[in-house]
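What follows is the content of my_file.txt, which has compact mmCIF, C-alpha atoms:
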```txt
# COMPACT_ATOMS: atom_id res chain seq x y z
CA GLN V 1394 109.92 77.93 97.23
CA ASN V 1395 106.46 78.82 98.47
CA VAL V 1396 107.53 81.82 100.57
CA ARG V 1397 109.63 83.48 97.90
CA ILE V 1398 108.26 86.67 96.33
CA ASP V 1399 107.48 85.00 93.04
CA PRO V 1400 104.16 85.19 91.13
CA SER V 1401 104.16 81.39 90.98
CA SER V 1402 104.55 80.87 94.75
CA ILE V 1403 101.66 80.07 97.10
CA SER V 1404 102.32 83.10 99.34
CA PHE V 1405 102.63 85.69 96.54
CA GLN V 1406 98.93 86.61 96.43
CA MET V 1407 98.89 86.85 100.24
CA TRP V 1408 101.88 89.19 100.06
CA LYS V 1409 100.36 91.30 97.25
CA ASP V 1410 96.86 91.74 98.67
CA ILE V 1411 97.04 90.94 102.36
CA PRO V 1412 93.95 88.81 103.18
CA VAL V 1413 94.30 89.30 106.92
CA PRO V 1414 91.66 91.66 108.36
CA PHE V 1415 93.58 94.48 110.06
CA TYR V 1416 92.01 96.90 112.50
CA LEU V 1417 93.26 100.26 113.74
CA SER V 1418 91.98 101.05 117.24
CA VAL V 1419 92.52 104.61 118.51
CA HIS V 1420 92.25 105.69 122.16
CA PHE V 1421 92.29 109.42 123.02
CA PHE V 1422 93.36 111.04 126.26
CA GLU V 1423 90.90 113.79 127.15
CA VAL V 1424 92.23 116.56 129.42
CA LEU V 1425 89.68 117.03 132.22
CA ASN V 1426 91.28 120.11 133.84
CA PRO V 1427 92.61 122.34 131.02
CA LYS V 1428 92.21 125.62 132.94
CA GLN V 1429 94.11 124.24 135.93
CA VAL V 1430 96.94 122.96 133.68
CA LEU V 1431 97.44 126.54 132.45
CA GLN V 1432 97.95 127.52 136.07
CA GLY V 1433 100.61 124.87 136.65
CA ALA V 1434 98.46 121.94 137.83
CA LYS V 1435 99.09 118.30 136.95
CA PRO V 1436 97.04 117.22 133.89
CA VAL V 1437 94.15 114.87 134.70
CA LEU V 1438 93.42 112.52 131.80
CA SER V 1439 90.53 110.27 130.87
CA GLN V 1440 90.89 107.61 128.18
CA ARG V 1441 88.22 107.72 125.45
CA GLY V 1442 87.47 105.12 122.82
CA PRO V 1443 88.41 102.89 121.19
CA TYR V 1444 87.50 104.33 117.80
CA VAL V 1445 87.98 101.37 115.47
CA TYR V 1446 88.77 101.37 111.74
CA ARG V 1447 88.93 98.46 109.34
CA GLU V 1448 92.23 98.67 107.49
CA TYR V 1449 92.66 97.42 103.93
CA ARG V 1450 96.17 97.08 102.49
CA TYR V 1451 97.25 96.38 98.95
CA LYS V 1452 100.41 96.79 96.88
CA THR V 1453 100.84 98.67 93.61
CA ASN V 1454 103.76 99.52 91.30
CA ILE V 1455 105.22 96.04 91.86
CA THR V 1456 108.45 96.00 89.86
CA PHE V 1457 110.94 93.12 89.77
CA HIS V 1458 114.65 93.97 89.31
CA ASP V 1459 117.64 92.00 88.06
CA ASN V 1460 119.41 92.02 91.42
CA ASP V 1461 116.93 89.67 93.13
CA THR V 1462 114.79 92.55 94.50
CA VAL V 1463 111.26 93.86 93.99
CA SER V 1464 109.96 97.35 94.70
CA PHE V 1465 106.39 98.29 95.61
CA LEU V 1466 104.09 100.86 97.19
CA GLU V 1467 101.64 99.65 99.83
CA TYR V 1468 98.48 101.66 100.33
CA ARG V 1469 96.22 101.79 103.37
CA HIS V 1470 92.50 102.58 103.38
CA LEU V 1471 90.63 103.00 106.64
CA TYR V 1472 86.88 102.70 107.22
CA PHE V 1473 85.21 103.56 110.54
CA GLN V 1474 83.51 100.64 112.31
CA PRO V 1475 80.69 101.97 114.55
CA ARG V 1476 79.78 98.53 115.92
CA LEU V 1477 83.31 97.88 117.17
CA SER V 1478 83.81 101.40 118.54
CA ASN V 1479 82.98 102.94 121.88
CA GLY V 1480 81.80 106.27 120.48
CA THR V 1481 81.50 108.05 117.13
CA GLU V 1482 83.75 110.29 115.04
CA ASP V 1483 81.41 113.21 115.82
CA GLU V 1484 82.14 113.15 119.55
CA TYR V 1485 83.97 116.15 121.00
CA ILE V 1486 87.15 115.72 123.03
CA VAL V 1487 89.26 118.30 124.87
CA VAL V 1488 92.91 117.97 123.86
CA PRO V 1489 95.90 120.33 123.62
CA ASN V 1490 95.87 122.79 120.73
CA ILE V 1491 98.66 120.85 119.08
CA LEU V 1492 99.50 123.56 116.51
CA MET V 1493 99.70 126.33 119.10
CA MET V 1494 101.46 124.40 121.89
CA GLY V 1495 103.87 122.77 119.43
CA ALA V 1496 104.69 126.05 117.71
CA ALA V 1497 105.31 127.72 121.08
CA VAL V 1498 108.01 125.17 122.02
CA MET V 1499 109.47 125.31 118.51
CA MET V 1500 109.77 129.13 118.75
CA GLU V 1501 111.31 129.11 122.23
CA LYS V 1502 114.78 130.17 121.04
CA LEU V 1503 113.62 132.63 118.37
CA PRO V 1504 113.74 136.44 118.89
CA ASP V 1505 111.19 137.97 121.26
CA PHE V 1506 109.50 140.02 118.55
CA MET V 1507 108.50 136.79 116.75
CA LYS V 1508 106.98 135.46 119.97
CA LEU V 1509 105.13 138.76 120.30
CA LEU V 1510 103.78 138.37 116.79
CA LEU V 1511 102.57 134.83 117.58
CA SER V 1512 100.91 136.03 120.80
CA GLY V 1513 99.17 138.76 118.82
CA ALA V 1514 97.98 136.23 116.24
CA LEU V 1515 96.69 133.93 119.00
CA ALA V 1516 94.69 136.78 120.54
CA THR V 1517 93.32 137.96 117.18
CA LEU V 1518 92.31 134.46 116.11
CA LYS V 1519 90.93 133.70 119.61
CA GLN V 1520 93.14 130.65 119.88
CA LYS V 1521 93.27 128.76 123.16
CA ALA V 1522 95.89 126.38 124.55
CA PHE V 1523 93.31 123.56 124.66
CA MET V 1524 90.70 122.87 122.03
CA ASN V 1525 87.39 121.02 121.94
CA ARG V 1526 87.17 119.22 118.59
CA THR V 1527 85.62 116.06 117.20
CA VAL V 1528 87.45 112.74 116.89
CA GLY V 1529 87.21 113.01 113.11
CA GLU V 1530 88.73 116.51 113.06
CA ILE V 1531 91.65 115.61 115.32
CA LEU V 1532 92.48 112.49 113.32
CA TRP V 1533 91.75 113.41 109.71
CA GLY V 1534 92.13 117.17 109.72
CA TYR V 1535 90.50 120.53 110.34
CA GLU V 1536 91.04 123.95 108.81
CA ASP V 1537 92.70 126.43 111.11
CA PRO V 1538 93.68 130.04 110.32
CA LEU V 1539 96.58 129.60 112.75
CA ILE V 1540 98.37 127.57 110.04
CA ASP V 1541 98.54 130.59 107.73
CA ALA V 1542 99.49 132.89 110.63
CA ILE V 1543 102.42 130.68 111.68
CA ASN V 1544 103.58 130.37 108.05
CA LEU V 1545 103.50 134.16 107.80
CA ILE V 1546 105.39 134.79 111.06
CA VAL V 1547 108.01 132.01 110.64
CA PRO V 1548 108.03 130.74 107.03
CA GLY V 1549 108.91 127.05 106.91
CA LEU V 1550 108.25 126.36 110.60
CA ILE V 1551 105.36 124.07 109.65
CA PRO V 1552 105.83 123.01 105.99
CA PHE V 1553 102.18 122.35 105.17
CA LYS V 1554 99.06 124.34 104.37
CA GLY V 1555 95.33 123.86 104.64
CA LYS V 1556 94.13 121.19 107.06
CA PHE V 1557 95.94 119.77 110.05
CA GLY V 1558 95.23 116.32 111.48
CA LEU V 1559 97.33 113.82 113.40
CA PHE V 1560 96.54 110.99 110.93
CA ALA V 1561 95.91 113.16 107.86
CA ASP V 1562 98.70 111.38 105.95
CA PHE V 1563 97.78 107.93 107.25
CA ASN V 1564 94.61 107.22 105.29
CA ASN V 1565 94.53 106.64 101.51
CA SER V 1566 98.31 106.92 101.42
CA ASN V 1567 101.36 104.69 101.07
CA SER V 1568 104.22 104.04 103.46
CA GLY V 1569 106.96 104.86 100.96
CA LEU V 1570 108.68 102.93 98.19
CA PHE V 1571 110.09 99.71 99.64
CA THR V 1572 112.60 97.59 97.73
CA VAL V 1573 113.02 94.14 99.26
CA TYR V 1574 114.77 90.89 98.34
CA THR V 1575 112.65 88.23 96.64
CA GLY V 1576 114.57 85.23 97.99
CA MET V 1577 114.88 83.71 94.49
CA LYS V 1578 118.66 83.39 94.82
CA ASN V 1579 119.03 83.41 98.60
CA ILE V 1580 115.99 82.38 100.65
CA SER V 1581 117.58 83.68 103.87
CA GLN V 1582 117.25 87.23 102.46
CA VAL V 1583 113.60 87.07 101.41
CA HIS V 1584 111.58 90.16 102.48
CA MET V 1585 114.73 91.88 103.82
CA VAL V 1586 114.76 95.58 102.91
CA ASP V 1587 117.30 96.70 100.32
CA SER V 1588 116.16 100.35 100.33
CA TRP V 1589 113.28 102.64 101.33
CA ASN V 1590 112.44 105.57 99.08
CA GLY V 1591 115.75 104.86 97.36
CA LEU V 1592 117.68 105.23 100.63
CA LYS V 1593 120.00 102.64 102.16
CA LYS V 1594 119.79 104.57 105.43
CA VAL V 1595 117.77 107.53 106.74
CA ASN V 1596 119.18 110.84 108.01
CA TYR V 1597 116.81 111.57 110.90
CA TRP V 1598 119.16 110.55 113.70
CA ARG V 1599 122.59 111.39 115.10
CA SER V 1600 124.38 108.05 114.62
CA SER V 1601 124.88 105.76 111.64
CA GLN V 1602 123.60 102.82 113.71
CA CYS V 1603 120.28 104.54 114.45
CA ASN V 1604 119.92 105.62 110.81
CA MET V 1605 120.30 102.07 109.47
CA ILE V 1606 117.36 100.45 107.67
CA ASN V 1607 117.40 96.92 109.05
CA GLY V 1608 115.12 93.92 108.79
CA THR V 1609 112.01 93.52 106.67
CA ALA V 1610 109.09 95.81 105.84
CA GLY V 1611 107.24 94.30 108.81
CA GLU V 1612 104.97 91.91 106.90
CA MET V 1613 106.92 88.64 106.68
CA TRP V 1614 110.35 87.34 107.64
CA PRO V 1615 112.75 84.74 106.19
CA PRO V 1616 111.78 81.11 106.94
CA PHE V 1617 113.38 78.83 109.53
CA MET V 1618 113.45 81.51 112.23
CA SER V 1619 115.49 81.12 115.38
CA PRO V 1620 114.06 82.00 118.81
CA THR V 1621 116.21 85.13 119.22
CA SER V 1622 114.96 88.37 117.66
CA LEU V 1623 113.47 89.92 114.53
CA GLU V 1624 113.82 93.36 112.94
CA PHE V 1625 111.69 95.56 110.72
CA TYR V 1626 111.75 99.14 109.45
CA SER V 1627 108.78 101.28 110.51
CA PRO V 1628 108.14 104.45 108.46
CA ASP V 1629 105.66 105.54 111.16
CA ALA V 1630 108.40 105.44 113.83
CA CYS V 1631 111.07 106.61 111.33
CA ARG V 1632 113.43 103.86 112.47
CA SER V 1633 114.20 100.17 112.52
CA MET V 1634 112.83 98.29 115.50
CA THR V 1635 114.04 95.05 117.07
CA LEU V 1636 111.68 92.70 118.90
CA VAL V 1637 112.95 89.85 121.07
CA TYR V 1638 111.75 86.28 121.48
CA GLU V 1639 109.56 85.73 124.53
CA GLN V 1640 108.02 82.26 124.25
CA SER V 1641 106.79 79.50 121.97
CA GLY V 1642 103.10 78.83 121.61
CA LYS V 1643 100.29 78.01 119.23
CA PHE V 1644 97.76 80.14 117.40
CA LYS V 1645 94.65 78.07 116.65
CA GLY V 1646 96.79 74.96 116.40
CA VAL V 1647 99.64 76.50 114.37
CA PRO V 1648 103.01 76.66 116.21
CA THR V 1649 104.36 80.20 116.73
CA TYR V 1650 107.19 82.20 118.25
CA ARG V 1651 106.08 85.27 120.17
CA PHE V 1652 108.25 88.38 119.85
CA VAL V 1653 107.83 91.43 122.09
CA ALA V 1654 109.48 94.81 122.58
CA PRO V 1655 112.52 94.82 124.87
CA LYS V 1656 112.60 97.38 127.68
CA THR V 1657 115.46 99.09 125.84
CA LEU V 1658 113.38 99.87 122.72
CA PHE V 1659 112.62 103.46 123.76
CA ALA V 1660 115.29 103.78 126.47
CA ASN V 1661 117.35 106.98 126.51
CA GLY V 1662 121.07 107.14 125.76
CA THR V 1663 122.02 107.12 129.44
CA ASP V 1664 120.24 103.87 130.24
CA TYR V 1665 121.06 102.25 126.87
CA PRO V 1666 124.06 103.83 125.07
CA PRO V 1667 123.18 102.49 121.56
CA ASN V 1668 120.09 104.74 121.67
CA GLU V 1669 122.18 107.88 122.14
CA GLY V 1670 121.75 108.56 118.43
CA PHE V 1671 118.00 109.08 118.94
CA CYS V 1672 118.62 111.92 121.39
CA PRO V 1673 118.20 114.68 122.59
CA CYS V 1674 116.41 112.50 125.12
CA LEU V 1675 114.27 112.98 128.17
CA GLN V 1676 113.36 110.09 130.47
CA SER V 1677 113.67 106.47 129.37
CA GLY V 1678 110.60 105.02 127.70
CA ILE V 1679 109.90 107.86 125.26
CA GLN V 1680 111.62 108.58 121.96
CA ASN V 1681 112.04 112.04 120.53
CA VAL V 1682 110.71 111.96 116.93
CA SER V 1683 110.81 115.72 116.31
CA THR V 1684 113.46 115.33 113.59
CA CYS V 1685 111.07 113.27 111.46
CA ARG V 1686 107.89 115.08 112.52
CA LEU V 1687 108.46 118.62 111.19
CA ASN V 1688 110.58 119.43 114.29
CA ALA V 1689 107.45 119.46 116.44
CA PRO V 1690 108.06 118.42 120.09
CA MET V 1691 106.56 114.96 119.57
CA PHE V 1692 107.52 111.74 121.35
CA ILE V 1693 106.48 108.13 120.82
CA SER V 1694 106.20 105.50 123.55
CA HIS V 1695 104.31 102.43 124.57
CA PRO V 1696 100.69 103.18 125.61
CA HIS V 1697 100.25 104.59 129.11
CA PHE V 1698 104.07 104.88 129.29
CA TYR V 1699 104.35 101.11 129.76
CA ASN V 1700 108.02 100.12 130.32
CA ALA V 1701 108.91 103.80 130.82
CA ASP V 1702 110.42 105.81 133.66
CA PRO V 1703 107.82 105.98 136.49
CA SER V 1704 108.18 109.77 136.60
CA LEU V 1705 106.35 110.01 133.25
CA VAL V 1706 103.32 108.19 134.69
CA ASP V 1707 103.46 110.25 137.88
CA ALA V 1708 103.51 113.56 135.96
CA VAL V 1709 99.87 113.08 134.92
CA GLU V 1710 96.80 111.45 136.44
CA GLY V 1711 94.77 108.74 134.76
CA LEU V 1712 97.38 106.31 133.42
CA ASN V 1713 97.48 102.61 134.31
CA PRO V 1714 100.21 100.83 132.33
CA SER V 1715 100.02 97.05 132.01
CA LYS V 1716 101.66 94.45 129.80
CA GLU V 1717 98.34 92.78 128.91
CA GLN V 1718 96.72 95.96 127.58
CA HIS V 1719 99.67 98.02 126.42
CA GLY V 1720 102.47 95.63 125.44
CA LEU V 1721 102.96 94.90 121.74
CA PHE V 1722 103.50 91.40 120.37
CA LEU V 1723 104.03 89.50 117.13
CA ASP V 1724 103.25 85.78 116.80
CA VAL V 1725 105.16 84.32 113.82
CA HIS V 1726 105.13 80.83 112.33
CA PRO V 1727 108.87 80.02 112.60
CA MET V 1728 109.04 77.65 109.62
CA THR V 1729 107.66 80.15 107.08
CA GLY V 1730 108.29 83.52 108.78
CA ILE V 1731 104.64 84.50 108.27
CA PRO V 1732 102.88 86.36 111.15
CA MET V 1733 99.78 84.58 112.43
CA ASN V 1734 98.65 87.13 115.02
CA CYS V 1735 99.91 90.59 115.94
CA SER V 1736 99.10 93.78 117.81
CA ILE V 1737 101.51 96.68 117.33
CA LYS V 1738 100.81 99.55 119.76
CA LEU V 1739 102.27 103.06 119.93
CA GLN V 1740 101.43 106.26 121.79
CA LEU V 1741 101.81 109.83 120.51
CA ASN V 1742 102.85 112.43 123.07
CA LEU V 1743 103.29 116.21 122.95
CA TYR V 1744 105.89 117.99 125.08
CA ILE V 1745 104.37 121.17 126.54
CA LYS V 1746 106.04 123.74 128.76
CA GLU V 1747 106.21 127.38 129.75
CA VAL V 1748 107.56 129.54 126.92
CA PRO V 1749 108.32 133.10 128.09
CA GLY V 1750 106.87 135.71 125.76
CA ILE V 1751 104.03 133.57 124.41
CA LEU V 1752 100.61 134.03 125.97
CA GLN V 1753 98.78 131.17 127.73
CA THR V 1754 101.95 129.19 128.41
CA GLU V 1755 103.45 131.24 131.25
CA LYS V 1756 102.57 128.84 134.09
CA ILE V 1757 102.52 125.47 132.32
CA LYS V 1758 104.87 123.00 133.95
CA PRO V 1759 107.03 120.91 131.57
CA VAL V 1760 105.28 117.61 130.88
CA VAL V 1761 105.16 114.96 128.19
CA LEU V 1762 101.41 114.88 127.62
CA PRO V 1763 99.84 111.75 126.04
CA LEU V 1764 97.56 112.63 123.11
CA LEU V 1765 96.41 109.20 121.94
CA TRP V 1766 97.54 105.63 121.53
CA PHE V 1767 96.69 103.23 118.76
CA ALA V 1768 96.92 99.52 118.02
CA GLU V 1769 97.21 97.91 114.60
CA SER V 1770 95.98 94.35 115.05
CA GLY V 1771 95.31 91.40 112.78
CA SER V 1772 95.29 87.62 112.69
CA ILE V 1773 95.08 84.95 110.00
CA GLU V 1774 91.65 83.34 109.88
CA GLY V 1775 89.14 81.61 107.61
CA SER V 1776 90.30 79.73 104.51
CA VAL V 1777 93.86 81.06 104.82
CA LEU V 1778 94.15 79.68 108.35
CA LYS V 1779 92.66 76.35 107.22
CA GLN V 1780 95.23 76.12 104.41
CA PHE V 1781 98.01 76.91 106.87
CA TYR V 1782 96.85 74.29 109.35
CA THR V 1783 96.43 71.61 106.67
CA ASN V 1784 99.80 72.19 104.96
CA LEU V 1785 101.95 73.05 107.96
CA VAL V 1786 100.44 71.09 110.84
CA LEU V 1787 98.16 68.29 109.66
CA LEU V 1788 100.16 66.91 106.71
CA PRO V 1789 103.53 66.94 108.56
CA SER V 1790 101.85 65.11 111.49
CA VAL V 1791 100.37 62.49 109.14
CA LEU V 1792 103.75 62.01 107.44
CA ASP V 1793 105.42 61.81 110.85
CA TYR V 1794 103.07 59.02 111.97
CA LEU V 1795 103.36 57.35 108.57
CA GLN V 1796 107.12 57.01 108.82
CA TYR V 1797 106.78 55.24 112.16
CA ILE V 1798 104.12 52.92 110.71
CA LEU V 1799 106.38 52.12 107.77
CA LEU V 1800 109.30 51.65 110.11
CA GLY V 1801 107.21 49.29 112.25
CA LEU V 1802 106.16 47.28 109.20
CA SER V 1803 109.73 47.14 107.91
CA VAL V 1804 111.12 45.41 111.02
CA PRO V 1805 109.35 42.02 110.52
CA LEU V 1806 110.02 42.24 106.76
CA ILE V 1807 113.74 42.71 107.42
CA MET V 1808 113.73 39.85 109.94
CA ALA V 1809 111.94 37.58 107.47
CA ALA V 1810 114.46 38.48 104.76
CA ALA V 1811 117.33 37.73 107.12
CA VAL V 1812 115.84 34.34 107.99
CA LEU V 1813 115.40 33.48 104.34
CA MET V 1814 118.97 34.48 103.56
CA ALA V 1815 120.25 32.30 106.42
CA MET V 1816 118.37 29.21 105.29
CA PRO V 1817 120.39 26.59 103.32
CA LYS V 1818 119.68 26.55 99.65
CA VAL V 1819 117.70 23.54 98.37
CA SER V 1820 119.40 21.97 95.38
```
Mind turning this structure into structure tokens?
Amino acid sequence: QNVRIDPSSISFQMWKDIPVPFYLSVHFFEVLNPKQVLQGAKPVLSQRGPYVYREYRYKTNITFHDNDTVSFLEYRHLYFQPRLSNGTEDEYIVVPNILMMGAAVMMEKLPDFMKLLLSGALATLKQKAFMNRTVGEILWGYEDPLIDAINLIVPGLIPFKGKFGLFADFNNSNSGLFTVYTGMKNISQVHMVDSWNGLKKVNYWRSSQCNMINGTAGEMWPPFMSPTSLEFYSPDACRSMTLVYEQSGKFKGVPTYRFVAPKTLFANGTDYPPNEGFCPCLQSGIQNVSTCRLNAPMFISHPHFYNADPSLVDAVEGLNPSKEQHGLFLDVHPMTGIPMNCSIKLQLNLYIKEVPGILQTEKIKPVVLPLLWFAESGSIEGSVLKQFYTNLVLLPSVLDYLQYILLGLSVPLIMAAAVLMAMPKVS
């Protein structure tokens, strides 16, 4: 009863306005040898950051429906945390000119005269294949005349105007309209997604299985979990993701199941046939998300290409993948399905290559170039953790001991009663 999505339940306020302090930590990959990369050299990268943001989440437009579901919008607001960061938003970093390099690959199969027009625009606007911009500009947006030029040359190639930033739509925005089950009629369905933006499935991918919207919205899961797997739909990854059980443990005294990403999560269709629907694929360990990212040659992966084909790590210098630093995890209290501690990590990558007919790309070797990786982390603490521990650990333990005490006391009482019953009655 207390984990149902019901205004009278204990967990409703926690679900509505998440009290857990979330943090978004962003690490950039600075390109140390941009001129050499243009001549065909291997990119040399240096990790910068983290640049840390406090993340506040809250739900609006909460509407209950007759079919045991509730719909809502969840907004995110991010605030820079200088004390937790290794650097400021005003620092400059050398990264690929994402608009230019992305547009070049996107225009590869278009007529030569369009490529000539783009090359002319690049020369006129003094655009370079690598840019030196601040952290704040790269994340939250910068004005670039190249946007208008590309829209003029190939209308609709990049369906946006004004500023461009990798996380421009991440801050002060919602993750889409989720409709999930309340669990009022069937507790095993609580938090499971019924639809997202009115859709029962998405249309980004090439198979019905990959387009399915499975699991929850990634906040809570049905109670009485089994140590097998859990699923959630991620609008950021444009797909449902399955994590697998790794081990049992405790978080500050509260029992948990730890779930992690299987090696097959971003495997290609050759190594893991069910993922064929996410193709066209390159090496295992990276997923092509161009179909849900304006057709730009973007890929997602684990940070530092952890759990990916070794050739991806070897194609650049400066990566050191490790499970401790780059593996994602989710620690969930199995009785209630509420996460106690989590760190979800993803890396954004840009595919760059030589595109004949477009200046500055003639000698670039094909490479999936890491741009940045980020971690969304949070854990239950303070009064919420104390309430959890009291209700879910301390009280059950007390009751457990109490039943043995009562059982111990009942034995001599039963024996005494038996003796009394066996005694002859006195007339």
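For Arg1599 of chain V, the set of protein, DNA and RNA residues having any atom at most 12 Å away, when counting only C-alpha atoms and skipping those fewer than 6 positions along the same chain, is V:Met1605, V:Gly1662, V:Pro1667, V:Asn1668, V:Glu1669, V:Gly1670, V:Phe1671, V:Cys1672, V:Pro1673, V:Cys1674, V:Asn1681, V:Thr1684.
Between atom CA of Pro1504 of chain V and atom CA of Gln1680 of chain V the separation is 28.1 Å.
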Using only C-alpha atoms, give me every residue within 12 Å of (91.8, 109.8, 102.1) in file coordinates, as a PyMOL selection string.
chain V and resi 1468-1472+1532-1534+1558+1560-1567
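Distances here use only C-alpha atoms; by that measure, the residue among V:Asp1505, V:Asp1483, V:Asp1724, V:Glu1612 closest to Pro1648 of chain V is V:Asp1724.
Here atom CA of Thr1609 of chain V stands at a distance of 29.3 Å from atom CA of Leu1743 of chain V.
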Which residue of V:Leu1636, V:Ile1398, V:Val1761, V:Leu1539 approaches Lys1656 of chain V most closely, using all atoms listed in the file:
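Between V:Leu1636, V:Ile1398, V:Val1761, V:Leu1539, the residue approaching Lys1656 of chain V most closely is V:Leu1636.
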Skip Leu1721 of chain V itself and residues of its chain fewer than 5 positions away, then list as a JSON list (two decimals) with C-alpha atoms, in the frame of the given file all residues within 12 Å of it, counting only C-alpha atoms.
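Everything below was put into around15.json:
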```
[["chain", "number", "residue", "atom", "x", "y", "z"],
["V", 1636, "LEU", "CA", 111.68, 92.70, 118.90],
["V", 1637, "VAL", "CA", 112.95, 89.85, 121.07],
["V", 1639, "GLU", "CA", 109.56, 85.73, 124.53],
["V", 1651, "ARG", "CA", 106.08, 85.27, 120.17],
["V", 1652, "PHE", "CA", 108.25, 88.38, 119.85],
["V", 1653, "VAL", "CA", 107.83, 91.43, 122.09],
["V", 1654, "ALA", "CA", 109.48, 94.81, 122.58],
["V", 1655, "PRO", "CA", 112.52, 94.82, 124.87],
["V", 1656, "LYS", "CA", 112.60, 97.38, 127.68],
["V", 1658, "LEU", "CA", 113.38, 99.87, 122.72],
["V", 1694, "SER", "CA", 106.20, 105.50, 123.55],
["V", 1695, "HIS", "CA", 104.31, 102.43, 124.57],
["V", 1696, "PRO", "CA", 100.69, 103.18, 125.61],
["V", 1699, "TYR", "CA", 104.35, 101.11, 129.76],
["V", 1700, "ASN", "CA", 108.02, 100.12, 130.32],
["V", 1715, "SER", "CA", 100.02, 97.05, 132.01],
["V", 1716, "LYS", "CA", 101.66, 94.45, 129.80],
["V", 1734, "ASN", "CA", 98.65, 87.13, 115.02],
["V", 1735, "CYS", "CA", 99.91, 90.59, 115.94],
["V", 1736, "SER", "CA", 99.10, 93.78, 117.81],
["V", 1737, "ILE", "CA", 101.51, 96.68, 117.33],
["V", 1738, "LYS", "CA", 100.81, 99.55, 119.76],
["V", 1739, "LEU", "CA", 102.27, 103.06, 119.93],
["V", 1740, "GLN", "CA", 101.43, 106.26, 121.79],
["V", 1767, "PHE", "CA", 96.69, 103.23, 118.76],
["V", 1768, "ALA", "CA", 96.92, 99.52, 118.02],
["V", 1769, "GLU", "CA", 97.21, 97.91, 114.60],
["V", 1770, "SER", "CA", 95.98, 94.35, 115.05]]
```
